[in-house]
$ cat protein-v1.cif   # mmCIF, C-alpha atoms
data_run
#
loop_
_atom_site.group_PDB
_atom_site.id
_atom_site.type_symbol
_atom_site.label_atom_id
_atom_site.label_comp_id
_atom_site.auth_asym_id
_atom_site.auth_seq_id
_atom_site.Cartn_x
_atom_site.Cartn_y
_atom_site.Cartn_z
ATOM 1 C CA MET A 1 19.397 7.396 -19.462
ATOM 2 C CA LEU A 2 16.713 10.043 -18.997
ATOM 3 C CA GLU A 3 13.949 7.425 -18.979
ATOM 4 C CA ALA A 4 15.908 5.357 -16.459
ATOM 5 C CA LEU A 5 16.249 8.415 -14.199
ATOM 6 C CA LYS A 6 12.492 8.970 -14.383
ATOM 7 C CA VAL A 7 11.895 5.327 -13.402
ATOM 8 C CA ILE A 8 14.257 5.710 -10.448
ATOM 9 C CA ILE A 9 12.245 8.715 -9.244
ATOM 10 C CA LEU A 10 8.967 6.802 -9.627
ATOM 11 C CA GLY A 11 10.460 3.792 -7.845
ATOM 12 C CA ILE A 12 11.519 5.998 -4.923
ATOM 13 C CA VAL A 13 8.020 7.495 -4.685
ATOM 14 C CA GLU A 14 6.426 4.034 -4.803
ATOM 15 C CA GLY A 15 8.809 2.589 -2.213
ATOM 16 C CA ILE A 16 8.050 5.364 0.267
ATOM 17 C CA THR A 17 4.335 5.851 -0.269
ATOM 18 C CA GLU A 18 3.286 2.191 -0.568
ATOM 19 C CA TRP A 19 3.947 1.554 3.111
ATOM 20 C CA LEU A 20 3.290 4.928 4.671
ATOM 21 C CA PRO A 21 -0.493 5.491 4.826
ATOM 22 C CA ILE A 22 -0.425 8.426 2.419
ATOM 23 C CA SER A 23 -1.528 6.861 -0.916
ATOM 24 C CA SER A 24 0.991 5.820 -3.524
ATOM 25 C CA THR A 25 -1.580 6.566 -6.262
ATOM 26 C CA GLY A 26 -2.011 10.155 -5.114
ATOM 27 C CA HIS A 27 1.716 10.739 -5.187
ATOM 28 C CA LEU A 28 2.328 8.945 -8.480
ATOM 29 C CA ILE A 29 -0.296 10.900 -10.437
ATOM 30 C CA LEU A 30 1.198 14.135 -9.127
ATOM 31 C CA VAL A 31 4.801 13.121 -9.821
ATOM 32 C CA GLU A 32 3.900 11.828 -13.279
ATOM 33 C CA GLU A 33 2.752 15.315 -14.215
ATOM 34 C CA PHE A 34 6.408 16.350 -14.071
ATOM 35 C CA VAL A 35 8.133 13.010 -14.715
ATOM 36 C CA LYS A 36 6.474 11.499 -17.781
ATOM 37 C CA LEU A 37 7.783 8.269 -19.259
ATOM 38 C CA LYS A 38 7.608 8.055 -23.045
ATOM 39 C CA MET A 39 5.494 4.919 -22.892
ATOM 40 C CA SER A 40 1.920 3.998 -23.769
ATOM 41 C CA ASP A 41 -0.903 4.604 -21.306
ATOM 42 C CA ASP A 42 -1.487 0.838 -21.073
ATOM 43 C CA PHE A 43 2.151 0.241 -20.139
ATOM 44 C CA MET A 44 2.107 3.009 -17.533
ATOM 45 C CA SER A 45 -1.073 1.619 -15.975
ATOM 46 C CA MET A 46 0.654 -1.741 -15.644
ATOM 47 C CA PHE A 47 4.007 -0.245 -14.605
ATOM 48 C CA ASN A 48 2.521 1.624 -11.640
ATOM 49 C CA VAL A 49 1.101 -1.630 -10.298
ATOM 50 C CA VAL A 50 3.923 -4.031 -11.163
ATOM 51 C CA ILE A 51 6.683 -1.987 -9.501
ATOM 52 C CA GLN A 52 4.850 -2.858 -6.288
ATOM 53 C CA LEU A 53 6.426 -6.316 -6.640
ATOM 54 C CA GLY A 54 9.681 -4.790 -5.440
ATOM 55 C CA ALA A 55 7.870 -3.374 -2.434
ATOM 56 C CA ILE A 56 6.373 -6.814 -1.671
ATOM 57 C CA LEU A 57 9.798 -8.408 -1.777
ATOM 58 C CA ALA A 58 10.972 -5.942 0.867
ATOM 59 C CA VAL A 59 8.296 -7.239 3.256
ATOM 60 C CA VAL A 60 9.314 -10.840 2.550
ATOM 61 C CA VAL A 61 12.977 -10.068 3.220
ATOM 62 C CA ILE A 62 12.429 -8.085 6.431
ATOM 63 C CA TYR A 63 9.875 -10.478 7.908
ATOM 64 C CA PHE A 64 11.101 -13.739 6.374
ATOM 65 C CA HIS A 65 11.644 -15.446 9.719
ATOM 66 C CA LYS A 66 8.308 -14.314 11.147
ATOM 67 C CA LEU A 67 6.484 -15.416 7.989
ATOM 68 C CA ASN A 68 8.295 -18.734 7.541
ATOM 69 C CA PRO A 69 6.293 -21.576 9.159
ATOM 70 C CA PHE A 70 9.047 -24.089 8.417
ATOM 71 C CA SER A 71 11.929 -22.367 10.169
ATOM 72 C CA ARG A 72 14.094 -24.855 12.061
ATOM 73 C CA THR A 73 14.636 -22.353 14.841
ATOM 74 C CA LYS A 74 10.909 -22.148 15.634
ATOM 75 C CA THR A 75 9.162 -24.328 18.165
ATOM 76 C CA ASP A 76 6.122 -26.374 17.129
ATOM 77 C CA LYS A 77 3.888 -23.789 18.778
ATOM 78 C CA GLN A 78 5.566 -20.951 16.875
ATOM 79 C CA LYS A 79 5.193 -22.846 13.598
ATOM 80 C CA LYS A 80 1.508 -23.374 14.333
ATOM 81 C CA LEU A 81 1.039 -19.663 15.096
ATOM 82 C CA THR A 82 2.787 -18.768 11.834
ATOM 83 C CA LEU A 83 0.485 -21.045 9.837
ATOM 84 C CA GLN A 84 -2.481 -19.495 11.629
ATOM 85 C CA LEU A 85 -1.180 -16.040 10.676
ATOM 86 C CA TRP A 86 -1.106 -17.082 7.005
ATOM 87 C CA VAL A 87 -4.676 -18.336 7.259
ATOM 88 C CA LYS A 88 -5.737 -14.949 8.622
ATOM 89 C CA VAL A 89 -3.826 -13.141 5.849
ATOM 90 C CA ILE A 90 -5.428 -15.249 3.114
ATOM 91 C CA VAL A 91 -8.914 -14.844 4.620
ATOM 92 C CA ALA A 92 -8.401 -11.071 4.830
ATOM 93 C CA ALA A 93 -7.227 -10.937 1.197
ATOM 94 C CA VAL A 94 -10.381 -12.580 -0.187
ATOM 95 C CA PRO A 95 -12.768 -9.562 -0.190
ATOM 96 C CA ALA A 96 -10.402 -7.268 -2.121
ATOM 97 C CA ALA A 97 -9.467 -10.094 -4.508
ATOM 98 C CA ILE A 98 -13.104 -10.743 -5.418
ATOM 99 C CA ILE A 99 -14.129 -7.091 -5.746
ATOM 100 C CA GLY A 100 -10.903 -6.232 -7.571
ATOM 101 C CA LEU A 101 -11.397 -8.963 -10.174
ATOM 102 C CA LEU A 102 -15.022 -8.002 -10.752
ATOM 103 C CA PHE A 103 -14.587 -4.234 -10.945
ATOM 104 C CA ASP A 104 -10.963 -3.635 -11.995
ATOM 105 C CA ASP A 105 -11.875 -2.177 -15.400
ATOM 106 C CA PHE A 106 -14.710 -0.080 -13.959
ATOM 107 C CA LEU A 107 -12.478 1.369 -11.247
ATOM 108 C CA ASP A 108 -9.724 2.249 -13.735
ATOM 109 C CA GLU A 109 -12.181 3.842 -16.148
ATOM 110 C CA HIS A 110 -14.416 5.812 -13.778
ATOM 111 C CA LEU A 111 -12.487 6.471 -10.573
ATOM 112 C CA MET A 112 -8.899 6.978 -11.690
ATOM 113 C CA ASN A 113 -9.015 10.777 -11.784
ATOM 114 C CA TYR A 114 -7.602 13.587 -9.688
ATOM 115 C CA VAL A 115 -10.929 14.597 -8.119
ATOM 116 C CA VAL A 116 -11.551 11.142 -6.628
ATOM 117 C CA VAL A 117 -7.916 10.828 -5.531
ATOM 118 C CA ALA A 118 -7.928 14.241 -3.843
ATOM 119 C CA ILE A 119 -11.239 13.620 -2.063
ATOM 120 C CA MET A 120 -10.025 10.255 -0.750
ATOM 121 C CA LEU A 121 -6.741 11.766 0.403
ATOM 122 C CA ILE A 122 -8.582 14.415 2.414
ATOM 123 C CA LEU A 123 -11.353 12.130 3.682
ATOM 124 C CA TYR A 124 -9.034 9.455 5.048
ATOM 125 C CA GLY A 125 -6.720 12.114 6.412
ATOM 126 C CA VAL A 126 -9.621 13.349 8.537
ATOM 127 C CA ILE A 127 -10.511 9.762 9.503
ATOM 128 C CA PHE A 128 -6.950 9.097 10.692
ATOM 129 C CA ILE A 129 -7.042 12.172 12.922
ATOM 130 C CA VAL A 130 -10.489 11.323 14.327
ATOM 131 C CA VAL A 131 -9.603 7.672 15.003
ATOM 132 C CA GLU A 132 -6.310 8.555 16.682
ATOM 133 C CA LYS A 133 -7.976 11.193 18.849
ATOM 134 C CA ARG A 134 -10.577 8.633 19.865
ATOM 135 C CA ASN A 135 -7.830 6.182 20.791
ATOM 136 C CA GLU A 136 -5.734 8.638 22.810
ATOM 137 C CA HIS A 137 -6.897 7.249 26.126
ATOM 138 C CA VAL A 138 -7.820 3.730 24.999
ATOM 139 C CA LYS A 139 -5.484 0.788 25.493
ATOM 140 C CA PRO A 140 -5.389 -1.565 22.484
ATOM 141 C CA ALA A 141 -7.062 -4.934 23.060
ATOM 142 C CA VAL A 142 -4.991 -6.657 20.353
ATOM 143 C CA ARG A 143 -1.317 -6.286 21.198
ATOM 144 C CA ARG A 144 0.085 -9.303 19.309
ATOM 145 C CA LEU A 145 -0.589 -10.729 15.868
ATOM 146 C CA SER A 146 -1.640 -13.982 17.518
ATOM 147 C CA ASP A 147 -4.431 -12.075 19.292
ATOM 148 C CA LEU A 148 -6.074 -11.322 15.950
ATOM 149 C CA THR A 149 -9.005 -13.645 15.325
ATOM 150 C CA VAL A 150 -10.151 -14.789 11.882
ATOM 151 C CA PRO A 151 -13.283 -12.571 12.043
ATOM 152 C CA MET A 152 -11.062 -9.608 12.938
ATOM 153 C CA ALA A 153 -8.800 -10.388 9.978
ATOM 154 C CA LEU A 154 -11.821 -10.603 7.680
ATOM 155 C CA LEU A 155 -13.031 -7.218 8.945
ATOM 156 C CA ILE A 156 -9.635 -5.676 8.176
ATOM 157 C CA GLY A 157 -9.881 -7.284 4.737
ATOM 158 C CA GLY A 158 -13.212 -5.521 4.313
ATOM 159 C CA PHE A 159 -11.500 -2.199 4.954
ATOM 160 C CA GLN A 160 -8.938 -3.111 2.304
ATOM 161 C CA VAL A 161 -11.762 -3.212 -0.261
ATOM 162 C CA LEU A 162 -12.169 0.539 0.319
ATOM 163 C CA ALA A 163 -8.589 0.983 -0.885
ATOM 164 C CA LEU A 164 -9.657 -0.051 -4.400
ATOM 165 C CA ILE A 165 -10.836 3.549 -4.708
ATOM 166 C CA PRO A 166 -7.763 5.517 -5.889
ATOM 167 C CA GLY A 167 -6.298 7.873 -3.317
ATOM 168 C CA THR A 168 -7.499 5.868 -0.331
ATOM 169 C CA SER A 169 -4.181 4.073 0.330
ATOM 170 C CA ARG A 170 -4.197 0.317 0.815
ATOM 171 C CA SER A 171 -2.018 0.569 3.907
ATOM 172 C CA GLY A 172 -4.074 3.509 5.178
ATOM 173 C CA ALA A 173 -7.412 1.704 4.894
ATOM 174 C CA THR A 174 -6.188 -1.499 6.526
ATOM 175 C CA ILE A 175 -4.389 0.331 9.326
ATOM 176 C CA ILE A 176 -7.569 2.266 10.081
ATOM 177 C CA GLY A 177 -9.456 -1.031 10.097
ATOM 178 C CA GLY A 178 -6.930 -2.481 12.526
ATOM 179 C CA LEU A 179 -7.108 0.525 14.841
ATOM 180 C CA LEU A 180 -10.913 0.456 14.866
ATOM 181 C CA ILE A 181 -11.039 -3.185 15.976
ATOM 182 C CA GLY A 182 -8.680 -2.389 18.848
ATOM 183 C CA ALA A 183 -5.309 -3.443 17.435
ATOM 184 C CA SER A 184 -2.138 -1.679 18.495
ATOM 185 C CA ARG A 185 -0.415 0.468 15.884
ATOM 186 C CA ALA A 186 2.370 -2.091 15.502
ATOM 187 C CA VAL A 187 -0.069 -4.980 14.965
ATOM 188 C CA ALA A 188 -2.178 -2.950 12.520
ATOM 189 C CA ALA A 189 0.917 -1.946 10.526
ATOM 190 C CA GLU A 190 2.511 -5.411 10.447
ATOM 191 C CA PHE A 191 -0.711 -7.149 9.440
ATOM 192 C CA THR A 192 -1.059 -4.532 6.685
ATOM 193 C CA PHE A 193 2.422 -5.411 5.419
ATOM 194 C CA PHE A 194 1.650 -9.127 5.368
ATOM 195 C CA LEU A 195 -1.732 -8.633 3.755
ATOM 196 C CA ALA A 196 0.007 -6.799 0.914
ATOM 197 C CA ILE A 197 1.829 -9.957 -0.195
ATOM 198 C CA PRO A 198 -1.096 -11.882 -1.762
ATOM 199 C CA VAL A 199 -3.084 -8.760 -2.672
ATOM 200 C CA MET A 200 -0.342 -6.847 -4.464
ATOM 201 C CA PHE A 201 1.106 -9.953 -6.092
ATOM 202 C CA GLY A 202 -2.343 -10.805 -7.440
ATOM 203 C CA ALA A 203 -2.953 -7.251 -8.661
ATOM 204 C CA SER A 204 0.434 -7.186 -10.412
ATOM 205 C CA LEU A 205 -0.193 -10.542 -12.087
ATOM 206 C CA LEU A 206 -3.618 -9.365 -13.251
ATOM 207 C CA LYS A 207 -2.153 -6.207 -14.808
ATOM 208 C CA ILE A 208 0.611 -8.174 -16.565
ATOM 209 C CA ILE A 209 -1.934 -10.634 -17.998
ATOM 210 C CA LYS A 210 -4.144 -7.774 -19.227
ATOM 211 C CA PHE A 211 -1.156 -5.991 -20.787
ATOM 212 C CA GLY A 212 0.332 -9.171 -22.204
ATOM 213 C CA PHE A 213 3.727 -10.740 -21.623
ATOM 214 C CA HIS A 214 5.229 -9.237 -24.786
ATOM 215 C CA PHE A 215 7.519 -6.528 -23.407
ATOM 216 C CA THR A 216 10.102 -4.764 -25.509
ATOM 217 C CA GLY A 217 13.674 -4.853 -24.194
ATOM 218 C CA MET A 218 13.354 -1.273 -22.915
ATOM 219 C CA GLU A 219 10.000 -1.951 -21.224
ATOM 220 C CA GLY A 220 11.393 -5.018 -19.474
ATOM 221 C CA PHE A 221 14.446 -3.065 -18.309
ATOM 222 C CA LEU A 222 12.325 -0.215 -16.937
ATOM 223 C CA LEU A 223 10.075 -2.650 -15.065
ATOM 224 C CA LEU A 224 13.050 -4.398 -13.456
ATOM 225 C CA LEU A 225 14.682 -1.088 -12.570
ATOM 226 C CA GLY A 226 11.482 0.252 -11.035
ATOM 227 C CA CYS A 227 11.039 -2.923 -8.981
ATOM 228 C CA ALA A 228 14.661 -2.837 -7.774
ATOM 229 C CA VAL A 229 14.458 0.801 -6.659
ATOM 230 C CA SER A 230 11.067 0.234 -5.032
ATOM 231 C CA PHE A 231 12.516 -2.740 -3.141
ATOM 232 C CA GLY A 232 15.484 -0.814 -1.762
ATOM 233 C CA VAL A 233 13.467 2.216 -0.714
ATOM 234 C CA SER A 234 10.708 0.036 0.795
ATOM 235 C CA ILE A 235 13.247 -1.555 3.157
ATOM 236 C CA PHE A 236 13.940 1.865 4.660
ATOM 237 C CA ALA A 237 10.279 2.990 4.595
ATOM 238 C CA ILE A 238 9.019 -0.095 6.456
ATOM 239 C CA ARG A 239 11.735 0.121 9.107
ATOM 240 C CA PHE A 240 11.133 3.856 9.497
ATOM 241 C CA LEU A 241 7.384 3.403 10.002
ATOM 242 C CA MET A 242 7.776 0.631 12.585
ATOM 243 C CA GLN A 243 10.307 2.689 14.510
ATOM 244 C CA TYR A 244 8.240 5.875 14.219
ATOM 245 C CA ILE A 245 5.009 4.408 15.617
ATOM 246 C CA LYS A 246 6.798 3.152 18.731
ATOM 247 C CA GLY A 247 6.560 6.691 20.070
ATOM 248 C CA HIS A 248 4.069 8.465 17.783
ATOM 249 C CA ASP A 249 0.565 8.037 16.405
ATOM 250 C CA PHE A 250 -0.686 8.328 12.814
ATOM 251 C CA LYS A 251 -2.126 11.848 13.041
ATOM 252 C CA VAL A 252 0.816 13.414 11.215
ATOM 253 C CA PHE A 253 -0.004 11.264 8.188
ATOM 254 C CA GLY A 254 -3.613 12.465 8.416
ATOM 255 C CA TYR A 255 -2.561 16.101 8.270
ATOM 256 C CA TYR A 256 -0.140 15.337 5.436
ATOM 257 C CA ARG A 257 -2.911 13.639 3.423
ATOM 258 C CA ILE A 258 -5.198 16.645 3.830
ATOM 259 C CA VAL A 259 -2.512 19.046 2.600
ATOM 260 C CA LEU A 260 -1.623 16.778 -0.336
ATOM 261 C CA GLY A 261 -5.286 16.401 -1.283
ATOM 262 C CA ILE A 262 -5.715 20.161 -1.379
ATOM 263 C CA ILE A 263 -2.561 20.499 -3.513
ATOM 264 C CA VAL A 264 -3.839 17.870 -5.975
ATOM 265 C CA LEU A 265 -7.216 19.624 -6.254
ATOM 266 C CA LEU A 266 -5.651 23.051 -6.750
ATOM 267 C CA TYR A 267 -2.985 21.926 -9.222
ATOM 268 C CA PHE A 268 -5.198 19.845 -11.481
ATOM 269 C CA GLY A 269 -8.164 22.171 -11.065
ATOM 270 C CA MET A 270 -6.089 25.149 -12.203
ATOM 271 C CA SER A 271 -4.572 23.088 -15.035
ATOM 272 C CA THR A 272 -8.060 22.138 -16.258
ATOM 273 C CA LEU A 273 -9.372 25.683 -15.908
ATOM 274 C CA PHE A 274 -6.560 27.219 -17.950
ATOM 275 C CA ALA A 275 -6.121 24.362 -20.405
#

$ encode --input "protein-v1.cif" --output "structure tokens"
Amino acid sequence: MLEALKVIILGIVEGITEWLPISSTGHLILVEEFVKLKMSDDFMSMFNVVIQLGAILAVVVIYFHKLNPFSRTKTDKQKKLTLQLWVKVIVAAVPAAIIGLLFDDFLDEHLMNYVVVAIMLILYGVIFIVVEKRNEHVKPAVRRLSDLTVPMALLIGGFQVLALIPGTSRSGATIIGGLLIGASRAVAAEFTFFLAIPVMFGASLLKIIKFGFHFTGMEGFLLLLGCAVSFGVSIFAIRFLMQYIKGHDFKVFGYYRIVLGIIVLLYFGMSTLFA
């Protein structure tokens, strides 16, 4: 029961932080200092990625109609636009897929540490504030998903590559990319959600293959529980973010990231100093 409670807490953290541009990795490494599962390091590395499957499912459920090119209620033009959206999503997913496959082990071994995570939290927090201040008096040129061109999508996909560095935030990097090319906050956020489907599914599959499909009964249960909690919380997080940005910008998330980055540096720095 205690392990299940820990998984519920981790699932809640994942469900909230995966979609808000505040870095799920940064939050999970901090929470795991106080909520440690009695599992191997290899399992935990896989667990933290695979519970994202629940978060992906939340996107599919919320946006099923918008993402479904075969809906009977859509006109031929709408179906065509939906297929075009999928093309853009797949094109944008390619850069991170290639770099992730080539450097997954290197990134886990050399960059998965609190210093890198904290620096990325602070750096992208500053970037969010700077970009939003720059955009204060600029009207977005891309106000609909259909306005996104394939080159624009590929550029956003390039920003997603930056999110392979722990602490960056996949949603944070792609939203910044969207804002910089002139997309509205709503378009940048929605395209980020859709881009997560192939990217996070692929990352989860890769981790499962590397770990192996031989789970114990307890490991399988914890994975399913984590995914279920992440799914439920993600539904609320996605709806909250889309409602929030109707009347606000992303600067508050920038300030939050800076504060969290400082906390991570201080906590782990002090722990290392007095270890």

$ residues_around --input "protein-v1.cif" --residues "A:Gly26" --least-positions-apart "3" --cutoff "12 Å" --atoms "all atoms listed in the file" --output "short mmCIF file (atom, residue, chain, number, x, y, z; two decimals) with C-alpha atoms, keeping the file's coordinate frame"
data_model
loop_
_atom_site.label_atom_id
_atom_site.label_comp_id
_atom_site.auth_asym_id
_atom_site.auth_seq_id
_atom_site.Cartn_x
_atom_site.Cartn_y
_atom_site.Cartn_z
CA VAL A 13 8.02 7.50 -4.68
CA GLU A 14 6.43 4.03 -4.80
CA THR A 17 4.34 5.85 -0.27
CA GLU A 18 3.29 2.19 -0.57
CA PRO A 21 -0.49 5.49 4.83
CA ILE A 22 -0.42 8.43 2.42
CA SER A 23 -1.53 6.86 -0.92
CA ILE A 29 -0.30 10.90 -10.44
CA LEU A 30 1.20 14.14 -9.13
CA VAL A 31 4.80 13.12 -9.82
CA GLU A 32 3.90 11.83 -13.28
CA GLU A 33 2.75 15.32 -14.22
CA ASN A 48 2.52 1.62 -11.64
CA MET A 112 -8.90 6.98 -11.69
CA ASN A 113 -9.02 10.78 -11.78
CA TYR A 114 -7.60 13.59 -9.69
CA VAL A 115 -10.93 14.60 -8.12
CA VAL A 116 -11.55 11.14 -6.63
CA VAL A 117 -7.92 10.83 -5.53
CA ALA A 118 -7.93 14.24 -3.84
CA ILE A 119 -11.24 13.62 -2.06
CA MET A 120 -10.02 10.26 -0.75
CA LEU A 121 -6.74 11.77 0.40
CA ILE A 122 -8.58 14.42 2.41
CA ILE A 165 -10.84 3.55 -4.71
CA PRO A 166 -7.76 5.52 -5.89
CA GLY A 167 -6.30 7.87 -3.32
CA THR A 168 -7.50 5.87 -0.33
CA SER A 169 -4.18 4.07 0.33
CA ARG A 170 -4.20 0.32 0.82
CA TYR A 256 -0.14 15.34 5.44
CA ARG A 257 -2.91 13.64 3.42
CA ILE A 258 -5.20 16.64 3.83
CA VAL A 259 -2.51 19.05 2.60
CA LEU A 260 -1.62 16.78 -0.34
CA GLY A 261 -5.29 16.40 -1.28
CA ILE A 262 -5.72 20.16 -1.38
CA ILE A 263 -2.56 20.50 -3.51
CA VAL A 264 -3.84 17.87 -5.98
CA LEU A 265 -7.22 19.62 -6.25
#

$ residues_around --input "protein-v1.cif" --residues "stretch 171-178 of chain A" --least-positions-apart "4" --cutoff "6 Å" --atoms "all atoms listed in the file" --output "count of residues only"
9

$ atom_distance --input "protein-v1.cif" --atom1 "atom CA of A:Met44" --atom2 "atom CA of A:Gly157"
27.3 Å

$ atom_distance --input "protein-v1.cif" --atom1 "atom CA of A:Lys246" --atom2 "atom CA of A:Ser234"
18.6 Å

$ closest_atom_pairs --input "protein-v1.cif" --of "stretch 127-151 of chain A" --to "stretch 92-103 of chain A" --cutoff "12 Å" --atoms "all atoms listed in the file" --output "Markdown table"
| residue | atom | partner | partner_atom | distance |
| --- | --- | --- | --- | --- |
| A:Leu148 | CA | A:Ala92 | CA | 11.4 |
| A:Thr149 | CA | A:Ala92 | CA | 10.8 |
| A:Val150 | CA | A:Ala92 | CA | 8.2 |
| A:Pro151 | CA | A:Ala92 | CA | 8.8 |

$ atom_distance --input "protein-v1.cif" --atom1 "atom CA of A:Tyr255" --atom2 "atom CA of A:Arg185"
17.5 Å

$ resolve_selection --input "protein-v1.cif" --expression "the PyMOL selection byres ((chain A and resi 215-220) around 12)" --output "ChimeraX atom specification"
/A:1,3-4,7,37-40,42-44,46-47,50-51,208-209,211-214,221-227

$ residues_around --input "protein-v1.cif" --residues "stretch 54-59 of chain A" --least-positions-apart "3" --cutoff "9 Å" --atoms "all atoms listed in the file" --output "PyMOL selection string"
chain A and resi 11+14-15+18-19+50-51+62-64+193-194+196-197+200-201+224+226-235+238

$ closest_residue --input "protein-v1.cif" --among "A:Leu155, A:Ala203, A:Ala186, A:Leu266" --to "A:Gln243" --atoms "only C-alpha atoms"
A:Ala186
